[in-house]
file coords_11.cif (mmCIF, C-alpha atoms and all ligand atoms)
data_run
#
loop_
_atom_site.label_atom_id
_atom_site.label_comp_id
_atom_site.auth_asym_id
_atom_site.auth_seq_id
_atom_site.Cartn_x
_atom_site.Cartn_y
_atom_site.Cartn_z
CA MET A 1 59.94 142.95 20.42
CA ALA A 2 62.47 142.45 17.68
CA ASN A 3 65.47 140.17 18.18
CA SER A 4 67.68 143.26 18.43
CA ASP A 5 65.65 144.43 21.44
CA SER A 6 65.87 141.16 23.37
CA THR A 7 68.16 141.48 26.39
CA THR A 8 69.05 137.78 26.25
CA ILE A 9 69.67 137.53 22.49
CA GLY A 10 71.62 140.80 22.25
CA ILE A 11 72.66 143.82 24.29
CA PRO A 12 70.24 146.68 23.68
CA ALA A 13 71.49 150.25 23.40
CA THR A 14 70.53 152.14 26.55
CA GLY A 15 70.24 155.86 27.15
CA ALA A 16 69.97 158.21 30.10
CA LEU A 17 66.18 158.13 29.88
CA PRO A 18 64.21 154.87 29.90
CA ARG A 19 62.53 154.13 26.55
CA HIS A 20 59.93 151.91 28.20
CA VAL A 21 58.51 152.32 31.71
CA ALA A 22 56.20 149.65 33.20
CA ILE A 23 54.23 150.41 36.36
CA ILE A 24 52.26 148.38 38.91
CA MET A 25 49.89 151.04 40.18
CA ASP A 26 49.30 149.72 43.70
CA GLY A 27 48.00 151.21 46.94
CA ASN A 28 44.63 152.69 45.94
CA GLY A 29 42.73 150.79 48.63
CA ARG A 30 45.12 151.75 51.42
CA TRP A 31 45.10 155.39 50.29
CA ALA A 32 41.30 155.41 50.64
CA LYS A 33 41.41 153.61 53.99
CA GLN A 34 43.77 156.23 55.42
CA ARG A 35 41.08 158.80 54.61
CA TYR A 36 38.16 156.69 55.93
CA LEU A 37 36.85 156.50 52.36
CA PRO A 38 35.57 153.46 50.43
CA ARG A 39 38.19 151.64 48.32
CA ILE A 40 36.61 152.93 45.12
CA ALA A 41 37.55 156.50 46.10
CA GLY A 42 41.16 155.31 45.92
CA HIS A 43 40.63 153.97 42.41
CA ARG A 44 39.17 157.31 41.37
CA GLY A 45 42.20 159.12 42.79
CA GLY A 46 44.43 156.61 41.02
CA ALA A 47 42.81 157.34 37.65
CA GLU A 48 43.87 160.97 38.06
CA LYS A 49 47.49 159.86 38.41
CA VAL A 50 47.22 157.78 35.23
CA ARG A 51 46.45 161.03 33.37
CA SER A 52 49.37 162.96 34.87
CA THR A 53 51.81 160.07 34.33
CA VAL A 54 50.83 159.67 30.66
CA ARG A 55 51.29 163.43 30.16
CA ALA A 56 54.68 163.36 31.88
CA CYS A 57 55.89 160.49 29.67
CA ALA A 58 54.82 162.29 26.49
CA GLU A 59 56.58 165.47 27.65
CA LYS A 60 59.79 163.69 28.66
CA GLY A 61 59.99 161.72 25.41
CA ILE A 62 59.51 158.29 26.99
CA GLU A 63 58.33 156.12 24.09
CA TYR A 64 56.42 153.33 25.86
CA LEU A 65 54.40 153.33 29.07
CA THR A 66 52.78 150.08 30.24
CA LEU A 67 50.36 150.20 33.16
CA PHE A 68 48.99 147.25 35.16
CA ALA A 69 45.32 148.13 35.66
CA PHE A 70 43.72 144.76 36.44
CA SER A 71 45.39 141.40 36.96
CA SER A 72 43.98 137.99 36.08
CA GLU A 73 43.84 137.44 39.87
CA ASN A 74 41.89 140.66 40.60
CA TRP A 75 38.62 138.83 39.73
CA ARG A 76 39.01 137.37 43.23
CA ARG A 77 38.01 140.76 44.71
CA PRO A 78 34.48 141.58 45.92
CA ALA A 79 32.04 141.76 42.99
CA GLU A 80 31.17 145.42 43.63
CA GLU A 81 34.81 146.46 43.46
CA VAL A 82 35.38 144.52 40.22
CA SER A 83 32.30 146.08 38.67
CA PHE A 84 33.39 149.58 39.75
CA LEU A 85 36.82 149.03 38.17
CA MET A 86 35.18 147.93 34.88
CA GLN A 87 32.95 151.01 34.96
CA LEU A 88 35.96 153.23 35.61
CA PHE A 89 37.79 151.69 32.66
CA ILE A 90 34.76 152.30 30.41
CA SER A 91 34.35 155.93 31.43
CA ALA A 92 38.10 156.59 31.15
CA LEU A 93 38.04 155.25 27.59
CA GLU A 94 34.98 157.31 26.72
CA GLN A 95 36.49 160.49 28.11
CA GLU A 96 40.18 160.20 27.29
CA VAL A 97 40.67 158.45 23.96
CA ALA A 98 40.04 161.52 21.79
CA LYS A 99 42.55 163.49 23.88
CA LEU A 100 45.12 160.71 23.65
CA HIS A 101 44.69 160.71 19.87
CA GLU A 102 45.09 164.50 19.64
CA ASN A 103 48.33 164.18 21.58
CA GLY A 104 49.81 161.52 19.32
CA VAL A 105 49.42 158.63 21.77
CA ARG A 106 49.01 155.09 20.42
CA PHE A 107 46.72 153.14 22.76
CA LYS A 108 46.99 149.39 23.30
CA VAL A 109 45.48 146.87 25.70
CA ILE A 110 47.14 143.56 26.60
CA GLY A 111 45.39 140.77 28.48
CA ASP A 112 42.53 138.34 27.96
CA LEU A 113 39.76 140.66 26.79
CA SER A 114 37.34 137.81 26.12
CA ARG A 115 36.20 137.92 29.74
CA PHE A 116 35.09 141.56 29.42
CA GLU A 117 31.61 142.61 28.39
CA ARG A 118 31.01 143.36 24.72
CA PRO A 119 30.69 147.17 25.00
CA LEU A 120 34.08 147.36 26.77
CA GLN A 121 35.67 145.10 24.16
CA LYS A 122 34.32 147.38 21.44
CA LEU A 123 35.60 150.56 23.13
CA VAL A 124 39.06 149.02 23.34
CA ALA A 125 39.06 147.87 19.71
CA ASP A 126 37.86 151.31 18.53
CA ALA A 127 40.48 153.12 20.61
CA GLU A 128 43.27 150.89 19.31
CA ASN A 129 42.10 151.40 15.73
CA LEU A 130 41.78 155.16 16.01
CA THR A 131 45.25 155.62 17.48
CA ARG A 132 47.13 152.86 15.64
CA ASN A 133 49.36 155.17 13.57
CA ASN A 134 50.39 157.52 16.39
CA THR A 135 54.07 157.52 17.24
CA ARG A 136 54.75 159.93 20.10
CA LEU A 137 54.03 157.55 22.98
CA THR A 138 52.64 154.02 23.09
CA LEU A 139 50.40 153.65 26.14
CA THR A 140 49.62 150.02 26.97
CA VAL A 141 47.06 149.10 29.61
CA ALA A 142 47.33 145.56 30.99
CA ALA A 143 43.79 144.43 31.79
CA ASN A 144 42.88 140.90 32.85
CA TYR A 145 46.56 140.34 32.23
CA GLY A 146 48.83 137.71 33.76
CA GLY A 147 52.47 137.09 32.90
CA ARG A 148 51.98 133.30 32.88
CA TRP A 149 48.91 133.63 30.65
CA ASP A 150 50.99 135.75 28.24
CA ILE A 151 53.72 133.13 27.87
CA MET A 152 51.24 130.22 27.58
CA GLU A 153 49.21 132.15 24.99
CA ALA A 154 52.33 132.94 22.97
CA VAL A 155 53.34 129.27 22.87
CA LYS A 156 49.83 128.19 21.87
CA ARG A 157 49.55 130.80 19.11
CA MET A 158 53.02 130.04 17.79
CA LEU A 159 52.26 126.30 17.57
CA ALA A 160 48.89 126.94 15.92
CA ASP A 161 50.72 129.00 13.26
CA LYS A 162 53.75 126.77 12.91
CA PRO A 163 53.03 123.21 14.11
CA GLN A 164 56.49 122.08 12.95
CA LEU A 165 58.00 124.05 15.87
CA ALA A 166 56.48 121.60 18.40
CA ALA A 167 59.67 119.50 18.28
CA ASP A 168 61.96 122.46 18.99
CA PHE A 169 61.84 126.25 18.96
CA THR A 170 64.00 129.21 19.93
CA GLU A 171 63.41 132.46 21.79
CA SER A 172 63.30 134.30 18.43
CA ASP A 173 60.49 132.01 17.26
CA LEU A 174 58.42 132.88 20.33
CA LEU A 175 59.03 136.66 20.55
CA PRO A 176 56.54 137.73 17.86
CA TYR A 177 53.71 136.00 19.75
CA LEU A 178 54.18 137.68 23.13
CA SER A 179 51.61 140.36 23.87
CA LEU A 180 54.20 143.19 23.96
CA ALA A 181 55.82 142.08 20.67
CA TYR A 182 55.58 145.68 19.41
CA ALA A 183 57.66 147.17 22.25
CA PRO A 184 61.23 146.88 23.49
CA GLU A 185 61.56 145.26 26.93
CA PRO A 186 60.88 147.69 29.82
CA ASP A 187 63.95 149.60 31.00
CA LEU A 188 62.37 150.71 34.26
CA PHE A 189 59.77 148.92 36.39
CA ILE A 190 58.03 150.91 39.11
CA ARG A 191 55.78 149.47 41.82
CA THR A 192 54.05 151.89 44.15
CA GLY A 193 52.32 150.94 47.40
CA GLY A 194 55.24 149.36 49.25
CA GLU A 195 54.98 145.71 48.13
CA GLN A 196 58.10 144.24 46.59
CA ARG A 197 56.74 141.64 44.20
CA ILE A 198 55.81 141.20 40.53
CA SER A 199 52.25 139.89 41.12
CA ASN A 200 52.26 138.02 37.78
CA PHE A 201 52.94 141.17 35.71
CA LEU A 202 55.38 141.01 32.76
CA LEU A 203 57.29 137.85 33.74
CA TRP A 204 59.07 137.36 30.41
CA GLN A 205 59.72 140.99 29.57
CA LEU A 206 61.20 142.05 32.94
CA ALA A 207 64.26 139.78 32.54
CA TYR A 208 66.78 142.68 32.66
CA THR A 209 64.54 145.57 33.72
CA GLU A 210 65.72 147.92 36.49
CA MET A 211 63.34 147.57 39.46
CA TYR A 212 62.16 150.51 41.55
CA PHE A 213 59.89 150.06 44.56
CA THR A 214 58.39 152.94 46.50
CA ASP A 215 56.10 153.17 49.53
CA THR A 216 54.23 156.06 47.90
CA LEU A 217 50.62 154.97 47.31
CA TRP A 218 49.51 155.23 43.66
CA PRO A 219 46.99 158.10 44.19
CA ASP A 220 49.93 160.10 45.68
CA PHE A 221 52.33 159.29 42.84
CA ASP A 222 52.86 162.77 41.41
CA ILE A 223 55.39 164.16 38.92
CA ALA A 224 57.99 164.67 41.67
CA ALA A 225 57.66 161.01 42.67
CA PHE A 226 57.98 159.95 39.01
CA ASP A 227 61.08 162.14 38.61
CA THR A 228 62.64 160.48 41.67
CA ALA A 229 62.09 157.05 40.07
CA ILE A 230 63.67 158.19 36.80
CA GLU A 231 66.54 159.75 38.67
CA SER A 232 67.16 156.43 40.41
CA TYR A 233 67.22 154.77 36.97
CA THR A 234 69.87 157.15 35.67
CA ARG A 235 72.21 156.04 38.49
CA ARG A 236 71.98 152.32 37.64
CA GLU A 237 74.70 150.46 35.77
CA ARG A 238 73.06 148.13 33.28
CA ARG A 239 75.55 145.36 32.68
CA PHE A 240 73.40 142.66 31.00
CA GLY A 241 75.76 140.02 32.35
CA ARG A 242 79.05 141.80 31.56
CA THR A 243 81.57 143.28 34.00
CA SER A 244 81.87 146.96 34.93
CA GLU A 245 85.33 146.97 33.37
CA GLN A 246 83.93 145.84 30.03
CA LEU A 247 81.37 148.65 30.13
CA ARG A 248 84.08 151.23 30.79
CA GLU A 249 86.27 149.86 27.98
CA ASP A 250 83.35 150.05 25.55
CA ALA A 251 82.60 153.63 26.60
CA ALA A 252 86.26 154.65 26.23
CA ARG A 253 86.38 153.10 22.77
CA GLN A 254 83.28 155.00 21.70
CA THR A 255 84.21 158.47 23.04
CA PRO A 256 87.10 159.29 20.64
CA ARG A 257 84.99 158.16 17.71
CA ARG A 258 82.23 160.54 18.76
CA ALA A 259 84.75 163.38 19.11
CA LEU A 260 85.96 162.76 15.54
CA ASP A 261 82.41 162.63 14.21
CA GLY A 262 81.79 166.00 15.79
CA ARG A 263 84.50 167.74 13.74
C1 LIG B 301 45.75 148.89 42.91
O1 LIG B 301 45.37 149.28 44.17
C2 LIG B 301 44.60 148.90 41.93
C3 LIG B 301 44.18 147.57 41.47
C4 LIG B 301 44.72 146.42 41.81
C5 LIG B 301 43.07 147.53 40.55
P1 LIG B 301 44.77 148.26 45.22
O2 LIG B 301 43.29 148.25 45.05
O3 LIG B 301 45.44 146.94 45.10
O4 LIG B 301 45.15 148.95 46.58
P2 LIG B 301 45.66 148.26 47.92
O5 LIG B 301 46.82 147.38 47.55
O6 LIG B 301 44.51 147.47 48.45
O7 LIG B 301 46.04 149.39 48.80
C1 LIG B 302 48.74 144.15 41.29
O1 LIG B 302 48.23 144.66 42.49
C2 LIG B 302 47.78 144.38 40.18
C3 LIG B 302 47.48 145.76 39.83
C4 LIG B 302 48.02 146.84 40.33
C5 LIG B 302 46.53 145.92 38.79
P1 LIG B 302 47.51 143.76 43.57
O2 LIG B 302 47.13 144.65 44.68
O3 LIG B 302 46.42 142.97 42.93
O4 LIG B 302 48.68 142.76 43.97
P2 LIG B 302 48.85 141.83 45.25
O5 LIG B 302 47.60 141.03 45.41
O6 LIG B 302 49.08 142.71 46.43
O7 LIG B 302 50.06 141.00 44.93
MG MG B 303 47.06 146.10 45.98
#
call {"tool": "encode", "arguments": {"input": "coords_11.cif", "output": "structure tokens"}}
result
Amino acid sequence: MANSDSTTIGIPATGALPRHVAIIMDGNGRWAKQRYLPRIAGHRGGAEKVRSTVRACAEKGIEYLTLFAFSSENWRRPAEEVSFLMQLFISALEQEVAKLHENGVRFKVIGDLSRFERPLQKLVADAENLTRNNTRLTLTVAANYGGRWDIMEAVKRMLADKPQLAADFTESDLLPYLSLAYAPEPDLFIRTGGEQRISNFLLWQLAYTEMYFTDTLWPDFDIAAFDTAIESYTRRERRFGRTSEQLREDAARQTPRRALDGR
């Protein structure tokens, strides 16, 4: 995240389409329960929707998609469910990375990977390396991620690099150390599954993000549901602290200039 992309340092340029969408993919367990299936069947159904959502973002020209796959608090779940989720992550990486690469997707993982088993850590590192120069879409998976961990980690890494900042530092000093330093802040946040909370996702980065909550369970989140979320985004007025009148004045000032440029 460069200074120019920070919503508190400056006012980012915004378009009709979000540049960065961040999603809490919630409701897999309840989806399975409704069907008298084990929770893991819900996670399998959810994985399918990850594929279709990534495809939709690439097709629409959304530049960054960040998905919450496993929170630092999800270790509190039953051991069998945690181990199934790890296995699902491994097989998704094995099956999908080549396809992502072919389609120009840059793959990234944020979160504390040190708690994962070695083979999973290696799959992630290989996938990130293979796709590092792709530019069509940056797909970030948040795994063993927590928003508080992210901020604490950034402060620790910054101070290890630049001990003189211990006395005083600014937002710009910290930005390069946050885990999503390579991306602009999310424009649109989506949470499926009906809960209206952040659950320790991107606490820093969501400062001025438009929030969209839907009761749709993640395994039911199809392209039509995604389009509805984006449509809701296009109707928002993003003021970043200013008044509506100021926004209208800015727009009026810019329109004649654009008309002249067009000649
Ligand atoms: C989200 O679905 C997936 C993960 C947290 C890994 P849940 O498993 O939380 O589904 P619900 O909330 O129990 O329905
Ligand atoms: C948030 O969902 C984490 C992920 C989707 C990976 P949870 O289901 O873990 O969130 P809570 O516990 O309902 O807040
Ligand atoms: Mg849940």
call {"tool": "residues_near_ligand", "arguments": {"input": "coords_11.cif", "ligand": "ligand LIG 302 (chain B)", "cutoff": "8 Å", "atoms": "all atoms listed in the file", "output": "ChimeraX atom specification"}}
result
/A:24-27,68-71,73-74,142-143,195,197-201
call {"tool": "residues_around", "arguments": {"input": "coords_11.cif", "residues": "region 175-186 of chain A", "least_positions_apart": "6", "cutoff": "6 Å", "atoms": "all atoms listed in the file", "output": "list in words"}}
result
Met1, Asp5, His20, Val21, Ala154, Gln205 and Thr209 of chain A
call {"tool": "residues_around", "arguments": {"input": "coords_11.cif", "residues": "Ala16 (chain A)", "least_positions_apart": "4", "cutoff": "9 Å", "atoms": "only C-alpha atoms", "output": "PyMOL selection string"}}
result
chain A and resi 233-235
call {"tool": "atom_distance", "arguments": {"input": "coords_11.cif", "atom1": "CA of Glu48 (chain A)", "atom2": "atom P2 of ligand LIG 301 (chain B)"}}
result
16.2 Å
call {"tool": "atom_distance", "arguments": {"input": "coords_11.cif", "atom1": "CA of Thr170 (chain A)", "atom2": "CA of Glu237 (chain A)"}}
result
28.6 Å
call {"tool": "residues_around", "arguments": {"input": "coords_11.cif", "residues": "Ala98 (chain A)", "least_positions_apart": "2", "cutoff": "12 Å", "atoms": "all atoms listed in the file", "output": "list in words"}}
result
Ala92, Leu93, Glu94, Gln95, Glu96, Leu100, His101, Glu102, Asn103, Gly104, Val105, Arg106, Phe107, Leu123, Asp126, Ala127, Glu128, Asn129, Leu130 and Thr131 of chain A
